[in-house]
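J.: One file: target.pdb (PDB, C-alpha atoms).
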```pdb
ATOM      1  CA  MET A 205      16.843   3.629  -9.061
ATOM      2  CA  THR A 206      15.965   3.197 -12.713
ATOM      3  CA  SER A 207      14.914   5.310 -15.691
ATOM      4  CA  ASP A 208      13.106   4.800 -19.004
ATOM      5  CA  ASP A 209      16.364   3.948 -20.785
ATOM      6  CA  GLU A 210      16.712   0.756 -18.722
ATOM      7  CA  LEU A 211      13.187  -0.612 -19.175
ATOM      8  CA  ASP A 212      11.520  -2.993 -21.578
ATOM      9  CA  VAL A 213       8.647  -0.824 -22.786
ATOM     10  CA  ARG A 214       6.550  -3.923 -23.483
ATOM     11  CA  VAL A 215       5.796  -4.290 -19.766
ATOM     12  CA  LEU A 216       4.642  -0.693 -19.353
ATOM     13  CA  PRO A 217       0.970   0.328 -19.553
ATOM     14  CA  THR A 218      -0.295   1.525 -22.904
ATOM     15  CA  ALA A 219      -2.063   4.819 -23.477
ATOM     16  CA  GLU A 220      -5.353   2.907 -23.233
ATOM     17  CA  ASP A 221      -4.264   1.353 -19.921
ATOM     18  CA  ILE A 222      -3.375   4.758 -18.513
ATOM     19  CA  ALA A 223      -6.720   6.198 -19.595
ATOM     20  CA  HIS A 224      -8.478   3.246 -17.926
ATOM     21  CA  TYR A 225      -6.561   3.821 -14.697
ATOM     22  CA  ARG A 226      -7.392   7.509 -14.596
ATOM     23  CA  GLU A 227     -11.068   6.862 -15.329
ATOM     24  CA  ASN A 228     -11.572   3.873 -13.031
ATOM     25  CA  GLY A 229      -8.855   4.211 -10.375
ATOM     26  CA  TYR A 230      -7.084   0.878 -10.847
ATOM     27  CA  TYR A 231      -4.852  -1.085 -13.211
ATOM     28  CA  VAL A 232      -3.764  -4.744 -13.385
ATOM     29  CA  SER A 233      -0.424  -5.567 -14.967
ATOM     30  CA  GLY A 234       0.582  -8.629 -16.891
ATOM     31  CA  LYS A 235       3.029 -11.094 -15.338
ATOM     32  CA  ILE A 236       5.984  -8.858 -14.576
ATOM     33  CA  LEU A 237       7.559 -10.656 -11.575
ATOM     34  CA  GLY A 238       9.448 -13.940 -11.643
ATOM     35  CA  ASP A 239       8.650 -17.032  -9.576
ATOM     36  CA  ASP A 240      12.072 -17.073  -7.893
ATOM     37  CA  LEU A 241      11.680 -13.481  -6.714
ATOM     38  CA  ILE A 242       8.310 -14.260  -5.150
ATOM     39  CA  ALA A 243       9.504 -17.569  -3.639
ATOM     40  CA  ARG A 244      12.330 -15.716  -1.905
ATOM     41  CA  ALA A 245       9.842 -13.133  -0.645
ATOM     42  CA  LEU A 246       7.665 -15.885   0.836
ATOM     43  CA  GLU A 247      10.656 -17.309   2.672
ATOM     44  CA  GLY A 248      11.569 -13.810   3.781
ATOM     45  CA  SER A 249       8.091 -13.381   5.246
ATOM     46  CA  GLU A 250       8.525 -16.557   7.290
ATOM     47  CA  ARG A 251      11.868 -15.352   8.630
ATOM     48  CA  LEU A 252      10.263 -12.051   9.555
ATOM     49  CA  TYR A 253       7.430 -13.839  11.356
ATOM     50  CA  ARG A 254      10.061 -15.702  13.400
ATOM     51  CA  GLY A 255      11.602 -12.365  14.360
ATOM     52  CA  GLU A 256      14.696 -12.858  12.173
ATOM     53  CA  TYR A 257      15.535  -9.411  10.787
ATOM     54  CA  ASP A 258      18.142  -9.167   8.027
ATOM     55  CA  GLU A 259      18.749  -5.549   8.965
ATOM     56  CA  ARG A 260      17.800  -3.428  11.942
ATOM     57  CA  PHE A 261      17.484   0.326  12.401
ATOM     58  CA  PRO A 262      17.327   2.582  15.470
ATOM     59  CA  TRP A 263      13.549   2.536  15.217
ATOM     60  CA  SER A 264      13.137  -1.226  14.590
ATOM     61  CA  GLY A 265      11.917  -1.908  18.123
ATOM     62  CA  ASN A 266       9.653   1.131  18.438
ATOM     63  CA  ARG A 267       6.099  -0.163  18.893
ATOM     64  CA  LYS A 268       4.753   3.318  18.093
ATOM     65  CA  VAL A 269       6.136   2.844  14.582
ATOM     66  CA  ASP A 270       4.652  -0.661  14.257
ATOM     67  CA  PRO A 271       3.140  -2.722  17.103
ATOM     68  CA  ASN A 272       4.345  -6.017  15.592
ATOM     69  CA  PHE A 273       8.051  -5.197  15.782
ATOM     70  CA  GLY A 274       9.789  -8.130  17.481
ATOM     71  CA  VAL A 275       6.571 -10.049  18.115
ATOM     72  CA  PRO A 276       6.719 -13.580  16.633
ATOM     73  CA  PHE A 277       3.672 -14.519  14.565
ATOM     74  CA  THR A 278       2.596 -17.841  16.063
ATOM     75  CA  ASP A 279      -1.218 -17.750  15.993
ATOM     76  CA  ARG A 280      -1.891 -18.290  12.292
ATOM     77  CA  THR A 281      -5.661 -18.351  12.842
ATOM     78  CA  ARG A 282      -5.438 -14.567  13.060
ATOM     79  CA  SER A 283      -4.688 -12.071  10.316
ATOM     80  CA  ARG A 284      -1.781  -9.673  10.574
ATOM     81  CA  ALA A 285      -0.228  -6.659   8.832
ATOM     82  CA  ASP A 286       3.463  -5.891   9.361
ATOM     83  CA  GLY A 287       4.603  -2.409   8.421
ATOM     84  CA  TYR A 288       8.111  -1.679   7.144
ATOM     85  CA  ALA A 289       8.594  -5.358   6.222
ATOM     86  CA  SER A 290      10.918  -4.510   3.333
ATOM     87  CA  PHE A 291      13.326  -2.682   5.636
ATOM     88  CA  HIS A 292      13.892  -5.820   7.697
ATOM     89  CA  SER A 293      13.867  -8.507   4.989
ATOM     90  CA  LEU A 294      16.214  -8.254   2.032
ATOM     91  CA  ALA A 295      14.006 -10.616  -0.006
ATOM     92  CA  LEU A 296      10.930  -8.473   0.594
ATOM     93  CA  ARG A 297      12.972  -5.362  -0.147
ATOM     94  CA  ALA A 298      13.954  -6.775  -3.529
ATOM     95  CA  LEU A 299      10.267  -7.313  -4.280
ATOM     96  CA  ALA A 300       9.029  -3.957  -2.965
ATOM     97  CA  ARG A 301      11.628  -1.949  -4.841
ATOM     98  CA  GLN A 302      11.388  -3.658  -8.228
ATOM     99  CA  PRO A 303      12.175  -1.015 -10.861
ATOM    100  CA  VAL A 304       9.343  -2.124 -13.150
ATOM    101  CA  ILE A 305       6.768  -1.486 -10.413
ATOM    102  CA  ALA A 306       7.978   2.071  -9.879
ATOM    103  CA  ALA A 307       8.086   2.696 -13.645
ATOM    104  CA  ILE A 308       4.494   1.531 -14.054
ATOM    105  CA  ALA A 309       3.444   3.754 -11.145
ATOM    106  CA  ALA A 310       5.094   6.728 -12.854
ATOM    107  CA  ALA A 311       3.353   6.000 -16.149
ATOM    108  CA  LEU A 312      -0.065   5.694 -14.518
ATOM    109  CA  THR A 313       0.225   8.849 -12.407
ATOM    110  CA  GLY A 314       2.192  10.946 -14.891
ATOM    111  CA  ALA A 315       4.913  11.547 -12.294
ATOM    112  CA  THR A 316       8.511  12.188 -13.369
ATOM    113  CA  GLU A 317       9.837  10.673 -10.137
ATOM    114  CA  ILE A 318       8.584   7.907  -7.863
ATOM    115  CA  ARG A 319       9.761   7.478  -4.291
ATOM    116  CA  TYR A 320       8.983   4.675  -1.873
ATOM    117  CA  TRP A 321       6.463   5.602   0.823
ATOM    118  CA  LYS A 322       5.692   2.509   2.943
ATOM    119  CA  ASP A 323       4.860  -1.185   2.689
ATOM    120  CA  GLN A 324       2.814  -3.721   4.602
ATOM    121  CA  LEU A 325       3.186  -7.485   4.594
ATOM    122  CA  ILE A 326      -0.387  -8.739   4.886
ATOM    123  CA  TYR A 327      -1.376 -12.219   6.062
ATOM    124  CA  LYS A 328      -5.061 -13.078   5.634
ATOM    125  CA  ALA A 329      -5.954 -16.133   7.702
ATOM    126  CA  PRO A 330      -8.499 -18.669   6.413
ATOM    127  CA  ALA A 331     -12.026 -18.160   7.706
ATOM    128  CA  ARG A 332     -13.149 -20.733  10.255
ATOM    129  CA  GLY A 333     -16.819 -20.688   9.315
ATOM    130  CA  PRO A 334     -19.394 -19.202   6.905
ATOM    131  CA  ARG A 335     -20.004 -16.167   9.124
ATOM    132  CA  GLU A 336     -16.365 -15.599   9.981
ATOM    133  CA  THR A 337     -15.136 -12.021   9.468
ATOM    134  CA  GLU A 338     -11.514 -12.715  10.373
ATOM    135  CA  GLY A 339      -9.330 -11.311   7.649
ATOM    136  CA  VAL A 340     -11.907  -8.887   6.241
ATOM    137  CA  THR A 341     -10.293  -5.594   5.283
ATOM    138  CA  GLY A 342     -12.848  -2.828   5.468
ATOM    139  CA  PHE A 343     -13.373  -0.611   2.426
ATOM    140  CA  HIS A 344     -11.146   2.439   2.874
ATOM    141  CA  GLN A 345      -9.065   5.041   1.060
ATOM    142  CA  ASP A 346      -5.297   4.984   1.568
ATOM    143  CA  LYS A 347      -4.967   8.760   1.329
ATOM    144  CA  ARG A 348      -7.153   9.254   4.403
ATOM    145  CA  TYR A 349      -4.345   7.639   6.423
ATOM    146  CA  TRP A 350      -1.824  10.092   4.950
ATOM    147  CA  PRO A 351      -3.318  13.545   5.662
ATOM    148  CA  THR A 352       0.135  15.071   6.117
ATOM    149  CA  CYS A 353       0.968  14.302   2.481
ATOM    150  CA  ARG A 354       0.422  17.179   0.069
ATOM    151  CA  SER A 355       0.273  15.022  -3.051
ATOM    152  CA  ASP A 356      -2.912  13.598  -4.533
ATOM    153  CA  ARG A 357      -0.946  11.424  -6.981
ATOM    154  CA  MET A 358       0.184   8.741  -4.555
ATOM    155  CA  ILE A 359      -0.415   5.165  -5.644
ATOM    156  CA  THR A 360      -0.389   1.654  -4.185
ATOM    157  CA  ALA A 361       1.074  -1.452  -5.833
ATOM    158  CA  TRP A 362      -0.490  -4.652  -4.464
ATOM    159  CA  ILE A 363       1.689  -7.723  -4.950
ATOM    160  CA  PRO A 364       0.196 -11.177  -4.270
ATOM    161  CA  LEU A 365       2.641 -13.868  -3.170
ATOM    162  CA  HIS A 366       0.487 -16.553  -4.838
ATOM    163  CA  ASP A 367      -2.601 -16.664  -7.059
ATOM    164  CA  CYS A 368      -5.412 -14.552  -5.599
ATOM    165  CA  SER A 369      -9.099 -15.061  -6.323
ATOM    166  CA  THR A 370     -12.419 -14.289  -4.697
ATOM    167  CA  ARG A 371     -12.019 -17.556  -2.740
ATOM    168  CA  ASN A 372      -8.961 -16.462  -0.825
ATOM    169  CA  GLY A 373      -9.992 -12.849  -0.477
ATOM    170  CA  CYS A 374      -8.434 -10.927  -3.358
ATOM    171  CA  LEU A 375      -8.392  -7.158  -3.335
ATOM    172  CA  VAL A 376     -11.715  -5.556  -4.320
ATOM    173  CA  VAL A 377     -11.906  -1.977  -5.616
ATOM    174  CA  ILE A 378     -14.942   0.236  -6.124
ATOM    175  CA  LYS A 379     -14.811   1.398  -9.710
ATOM    176  CA  GLY A 380     -14.298   5.131 -10.162
ATOM    177  CA  SER A 381     -14.342   5.836  -6.424
ATOM    178  CA  HIS A 382     -11.085   7.819  -6.585
ATOM    179  CA  ARG A 383     -13.272  10.650  -7.841
ATOM    180  CA  TRP A 384     -15.500  10.504  -4.737
ATOM    181  CA  ARG A 385     -13.645  13.066  -2.651
ATOM    182  CA  ASN A 386     -16.292  13.592   0.053
ATOM    183  CA  ASN A 387     -15.575  10.431   2.089
ATOM    184  CA  HIS A 388     -13.333  12.206   4.583
ATOM    185  CA  ALA A 389     -13.709   9.704   7.437
ATOM    186  CA  LEU A 390     -12.908   6.585   5.422
ATOM    187  CA  VAL A 391     -10.195   5.258   7.746
ATOM    188  CA  THR A 392     -12.048   1.959   8.046
ATOM    189  CA  PHE A 393      -9.353  -0.665   7.349
ATOM    190  CA  ASP A 394     -10.296  -2.542  10.541
ATOM    191  CA  GLU A 395     -14.089  -2.352  10.110
ATOM    192  CA  LYS A 396     -15.443  -5.845   9.361
ATOM    193  CA  ASN A 397     -18.954  -4.884   8.235
ATOM    194  CA  GLN A 398     -18.583  -4.047   4.560
ATOM    195  CA  ASP A 399     -22.295  -3.384   4.065
ATOM    196  CA  PHE A 400     -22.203  -0.794   6.850
ATOM    197  CA  ILE A 401     -19.291   1.009   5.176
ATOM    198  CA  LYS A 402     -20.949   0.929   1.758
ATOM    199  CA  SER A 403     -24.140   2.383   3.239
ATOM    200  CA  LYS A 404     -22.143   5.407   4.402
ATOM    201  CA  LEU A 405     -20.243   6.100   1.177
ATOM    202  CA  ILE A 406     -20.807   9.429  -0.522
ATOM    203  CA  ASP A 407     -20.786   9.065  -4.295
ATOM    204  CA  SER A 408     -20.066  12.607  -5.397
ATOM    205  CA  GLU A 409     -20.098  11.617  -9.083
ATOM    206  CA  GLY A 410     -23.516   9.932  -9.164
ATOM    207  CA  ASP A 411     -22.027   6.656 -10.393
ATOM    208  CA  GLU A 412     -23.343   3.197  -9.636
ATOM    209  CA  LEU A 413     -21.421   1.439  -6.859
ATOM    210  CA  VAL A 414     -19.558  -1.286  -8.747
ATOM    211  CA  GLU A 415     -17.218  -3.651  -6.913
ATOM    212  CA  VAL A 416     -14.396  -5.091  -9.023
ATOM    213  CA  PRO A 417     -12.498  -8.130  -7.646
ATOM    214  CA  LEU A 418      -8.886  -7.953  -8.796
ATOM    215  CA  GLN A 419      -8.162 -11.641  -9.332
ATOM    216  CA  LEU A 420      -4.438 -12.022  -9.990
ATOM    217  CA  GLU A 421      -2.052 -14.780 -10.897
ATOM    218  CA  ARG A 422       1.294 -14.886  -9.141
ATOM    219  CA  GLY A 423       3.593 -12.490 -10.958
ATOM    220  CA  GLN A 424       0.888  -9.930 -11.673
ATOM    221  CA  VAL A 425       0.583  -6.671  -9.733
ATOM    222  CA  SER A 426      -2.434  -4.429  -9.272
ATOM    223  CA  PHE A 427      -2.212  -0.662  -8.848
ATOM    224  CA  HIS A 428      -4.804   1.690  -7.364
ATOM    225  CA  ASP A 429      -5.071   5.431  -6.871
ATOM    226  CA  CYS A 430      -4.599   6.721  -3.321
ATOM    227  CA  TYR A 431      -8.280   7.731  -3.232
ATOM    228  CA  THR A 432      -9.686   4.505  -4.710
ATOM    229  CA  ILE A 433     -11.958   2.815  -2.180
ATOM    230  CA  HIS A 434     -10.841  -0.773  -1.722
ATOM    231  CA  GLY A 435     -10.893  -3.680   0.734
ATOM    232  CA  SER A 436     -11.311  -7.436   0.753
ATOM    233  CA  TYR A 437     -13.689 -10.155   1.890
ATOM    234  CA  PRO A 438     -12.981 -13.324   3.940
ATOM    235  CA  ASN A 439     -10.569 -15.988   2.807
ATOM    236  CA  VAL A 440     -12.636 -19.178   2.414
ATOM    237  CA  SER A 441      -9.978 -21.189   0.579
ATOM    238  CA  GLY A 442      -8.609 -23.058   3.602
ATOM    239  CA  SER A 443      -5.085 -21.689   3.019
ATOM    240  CA  PRO A 444      -3.584 -18.352   4.099
ATOM    241  CA  ARG A 445      -3.365 -15.502   1.612
ATOM    242  CA  ARG A 446      -0.281 -13.299   1.647
ATOM    243  CA  ALA A 447       0.486 -10.086  -0.185
ATOM    244  CA  LEU A 448       2.891  -7.179  -0.017
ATOM    245  CA  SER A 449       1.189  -3.812  -0.309
ATOM    246  CA  VAL A 450       3.669  -1.168  -1.473
ATOM    247  CA  HIS A 451       2.697   2.493  -1.231
ATOM    248  CA  LEU A 452       4.520   4.964  -3.474
ATOM    249  CA  GLN A 453       4.786   8.758  -3.565
ATOM    250  CA  ASP A 454       5.562  11.046  -6.460
ATOM    251  CA  GLY A 455       8.623  13.256  -6.268
ATOM    252  CA  GLU A 456       6.561  16.363  -5.575
ATOM    253  CA  ASN A 457       5.057  15.054  -2.336
ATOM    254  CA  ARG A 458       5.922  17.081   0.753
ATOM    255  CA  TYR A 459       4.875  17.213   4.399
ATOM    256  CA  ARG A 460       1.751  19.239   5.208
ATOM    257  CA  ASP A 461       1.572  20.661   8.726
ATOM    258  CA  LEU A 462      -1.876  20.191  10.251
ATOM    259  CA  ASN A 463      -1.028  21.237  13.794
ATOM    260  CA  PHE A 464      -2.536  24.693  13.329
ATOM    261  CA  LEU A 465      -5.883  22.931  13.807
ATOM    262  CA  ASN A 466      -5.066  22.278  17.461
ATOM    263  CA  LYS A 467      -2.280  24.167  19.261
ATOM    264  CA  ALA A 468      -2.518  21.997  22.388
ATOM    265  CA  LYS A 469      -1.247  18.770  20.806
ATOM    266  CA  PRO A 470      -0.292  17.379  17.396
ATOM    267  CA  VAL A 471      -3.363  16.789  15.265
ATOM    268  CA  TYR A 472      -1.861  13.880  13.354
ATOM    269  CA  GLN A 473       1.469  12.096  13.247
ATOM    270  CA  HIS A 474       2.317   9.401  10.722
ATOM    271  CA  SER A 475       4.698   6.663  11.831
ATOM    272  CA  HIS A 476       7.134   8.030   9.245
ATOM    273  CA  ASP A 477       7.354  11.261  11.216
ATOM    274  CA  LEU A 478       9.056   9.326  14.034
ATOM    275  CA  ILE A 479      11.828   7.861  11.860
ATOM    276  CA  CYS A 480      12.676  10.164   8.947
ATOM    277  CA  ARG A 481      15.054  13.102   9.044
ATOM    278  CA  ARG A 482      13.901  16.696   9.488
ATOM    279  CA  ALA A 483      13.925  19.339   6.780
ATOM    280  CA  GLU A 484      15.420  22.793   7.379
ATOM    281  CA  ASN A 485      12.022  24.046   8.551
ATOM    282  CA  GLY A 486      11.937  21.353  11.239
ATOM    283  CA  PHE A 487       9.175  19.317   9.608
ATOM    284  CA  PRO A 488       9.519  15.646   8.580
ATOM    285  CA  ASP A 489      11.360  15.321   5.280
ATOM    286  CA  TYR A 490       9.428  13.018   2.952
ATOM    287  CA  SER A 491      12.375  12.979   0.568
ATOM    288  CA  ASP A 492      14.762  11.440   3.135
ATOM    289  CA  PRO A 493      16.709   8.989   0.922
ATOM    290  CA  GLU A 494      17.174   6.432   3.719
ATOM    291  CA  ILE A 495      13.448   6.098   4.432
ATOM    292  CA  PHE A 496      12.020   7.201   1.062
ATOM    293  CA  PRO A 497      14.487   6.091  -1.629
ATOM    294  CA  THR A 498      13.862   7.243  -5.189
ATOM    295  CA  LEU A 499      12.912   4.186  -7.255
ATOM    296  CA  TYR A 500      12.305   5.793 -10.633
ATOM    297  CA  ARG A 501      13.219   9.015 -12.410
ATOM    298  CA  ARG A 502      12.175   9.845 -15.956
ATOM    299  CA  ALA A 503      15.062  10.115 -18.350
ATOM    300  CA  THR A 504      15.700  13.654 -19.589
ATOM    301  CA  GLY A 505      16.665  14.667 -23.088
TER     302      GLY A 505
END
```
What's the structure tokens form of this structure?
T.:
Amino acid sequence: MTSDDELDVRVLPTAEDIAHYRENGYYVSGKILGDDLIARALEGSERLYRGEYDERFPWSGNRKVDPNFGVPFTDRTRSRADGYASFHSLALRALARQPVIAAIAAALTGATEIRYWKDQLIYKAPARGPRETEGVTGFHQDKRYWPTCRSDRMITAWIPLHDCSTRNGCLVVIKGSHRWRNNHALVTFDEKNQDFIKSKLIDSEGDELVEVPLQLERGQVSFHDCYTIHGSYPNVSGSPRRALSVHLQDGENRYRDLNFLNKAKPVYQHSHDLICRRAENGFPDYSDPEIFPTLYRRATG
């Protein structure tokens, strides 16, 4: 964990950057990560794809937590997303838990504490033809996948493992869409038809729908609000595109019980609810330090 006293303030967002993030729902950093760190993460991803875990946990083989646990990634013509990658690869853990990333997240959201939430190692395979939709990530909102989270200040850091452009399917955000709070069913990560999704979006602010490709050089990181609508288009570069998506929660986030909506069975259960400890009230504890370590805390005094 780190605090303000240990940071080079030159890498943190300015007041203008923070205002831009809060108005538009996204922010792109300068080059804040070193080449060696990313090279080790790339090698770590390959070890993970071979099923070589640096560390295992009681839940590491539970397919309900992640269906890819223990399944070697051999068909590289397909795309893949591996959850909890940083728990099983020390190199990916070093990348996911970089203090500067958590400090930037705190500055953008105004949080005094940032905890880890989850990560996904994402492999976008090259498209095999002009109409290929393999690798398309449908426009969606992260927060819609986290309905048991009370906080609305959660944030995602998206870390490319090489240069990312529109050719290899960089992340695309819809400007200002974090203010469009009426898209309650936007759990469309796996939907390949982007035009269909866009036709269904509810713009509660009356803004023009503006797509912004976040083209990044290796070493840069993009950040987006948990309600920002985002996705990506096919990778037409001929080479795979890899990224680590790191989701972060502010220190005030707590579990929200939704089971009152249906007494017969649980309404919703996040994969975290299967692996984290229980609070005194019996609910999942989203401050469990083993699963949700604190990465940043604002210095006091």
J.: Please measure the separation of CA of Arg446 in chain A and CA of Pro364 in chain A, giving the value in Å to one decimal.
T.: 6.3 Å
J.: Evaluating the PyMOL selection byres ((chain A and resi 347) around 10) on the displayed file yields which residues, as an MDAnalysis selection string?
T.: chainID A and resid 344:346 348:353 355:359 388 390:391 429:433
J.: Residues picked by the PyMOL selection byres ((chain A and resi 341) around 12) here, as a ChimeraX atom specification?
T.: /A:283-285,326-329,337-340,342-345,373-377,391-398,401,433-439
J.: At a cut-off of 9 Å, using only C-alpha atoms, what residues contact range 287-302 of chain A? Leave out same-chain residues fewer than 3 positions from it and give the result as a ChimeraX atom specification.
T.: /A:205,237,241-242,244-249,251-252,256-261,264,269-273,305-307,320,322-326,361,363,448-450,495,499
J.: Would you work out the distance separating CA of Lys379 in chain A from CA of Lys402 in chain A, expressed in Å to one decimal?
T.: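 Spanning CA of Lys379 in chain A to CA of Lys402 in chain A is a straight-line distance of 13.0 Å.
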J.: Please, what distance in Å, to one decimal, runs between CA of Ser403 in chain A and CA of Phe427 in chain A?
T.: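 Atom-to-atom, CA of Ser403 in chain A and CA of Phe427 in chain A are spaced 25.2 Å apart.
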J.: For the file shown, report as an MDAnalysis selection string the outcome of the PyMOL selection byres ((chain A and resi 366) around 8) at residue level.
T.: chainID A and resid 364:365 367:368 421:423 445:447
J.: Export, as an mmCIF file, keeping the file's coordinate frame, the selected residues with C-alpha atoms.
T.:
```
data_model
loop_
_atom_site.group_PDB
_atom_site.id
_atom_site.type_symbol
_atom_site.label_atom_id
_atom_site.label_comp_id
_atom_site.auth_asym_id
_atom_site.auth_seq_id
_atom_site.Cartn_x
_atom_site.Cartn_y
_atom_site.Cartn_z
ATOM 1 C CA PRO A 364 0.196 -11.177 -4.270
ATOM 2 C CA LEU A 365 2.641 -13.868 -3.170
ATOM 3 C CA ASP A 367 -2.601 -16.664 -7.059
ATOM 4 C CA CYS A 368 -5.412 -14.552 -5.599
ATOM 5 C CA GLU A 421 -2.052 -14.780 -10.897
ATOM 6 C CA ARG A 422 1.294 -14.886 -9.141
ATOM 7 C CA GLY A 423 3.593 -12.490 -10.958
ATOM 8 C CA ARG A 445 -3.365 -15.502 1.612
ATOM 9 C CA ARG A 446 -0.281 -13.299 1.647
ATOM 10 C CA ALA A 447 0.486 -10.086 -0.185
#
```
J.: Within 6 Å of Asp454 in chain A, counting all atoms listed in the file, which residues qualify if same-chain residues fewer than 5 places away don't, as a PDB file with C-alpha atoms, keeping the file's coordinate frame?
T.:
```pdb
ATOM      1  CA  ALA A 315       4.913  11.547 -12.294  1.00  0.00           C
ATOM      2  CA  GLU A 317       9.837  10.673 -10.137  1.00  0.00           C
ATOM      3  CA  ILE A 318       8.584   7.907  -7.863  1.00  0.00           C
ATOM      4  CA  ARG A 319       9.761   7.478  -4.291  1.00  0.00           C
TER       5      ARG A 319
END
```
J.: Go through A:Arg371, A:Arg214, A:Arg501, A:Arg482 and flag the residue nearest Pro417 in chain A, using all atoms listed in the file for the distances.
T.: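 Looking only at the distances to Pro417 in chain A, the closest residue turns out to be A:Arg371.
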J.: Between A:His474, A:Val232, A:Asp240, A:Asn386, which residue has the minimum interatomic distance to Thr360 in chain A, considering only C-alpha atoms?
T.: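 Between A:His474, A:Val232, A:Asp240, A:Asn386, the residue approaching Thr360 in chain A most closely is A:Val232.
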J.: Give the answer as one residue: which of A:Tyr231, A:Glu250, A:Pro444, A:Arg267 has the shortest atom-to-atom distance to Arg282 in chain A, using only C-alpha atoms?
T.: A:Pro444
J.: Smallest atom-to-atom distance to Ile479 in chain A: which of A:Gly274, A:Gly442, A:Gly265, A:Gly234, using only C-alpha atoms?
T.: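 With only C-alpha atoms as the atom set, the closest residue is A:Gly265.
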J.: For a cutoff of 10 Å around the file-coordinate point (15.5, 9.9, 3.1), which residues qualify once you count only C-alpha atoms? I'd like the result as number ranges by chain.
T.: A: 319-320, 479-482, 488-498
J.: Considering only C-alpha atoms, state which residue in the set A:Asn485, A:Asn372, A:Ser408, A:Thr316 is at the smallest distance from Glu456 in chain A.
T.: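 Smallest distance to Glu456 in chain A is found for A:Thr316.
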J.: Using all atoms listed in the file, can you tell me which of A:Leu462, A:Val215, A:Leu405, A:Ala483 comes closest to Pro303 in chain A?
T.: A:Val215
J.: When you look at Tyr230 in chain A with a cut-off of 6 Å (counting only C-alpha atoms), what residues show up, excluding the ones that are within fewer than 2 positions of it in the same chain? I need them as number ranges by chain.
T.: A: 225, 228, 427-428
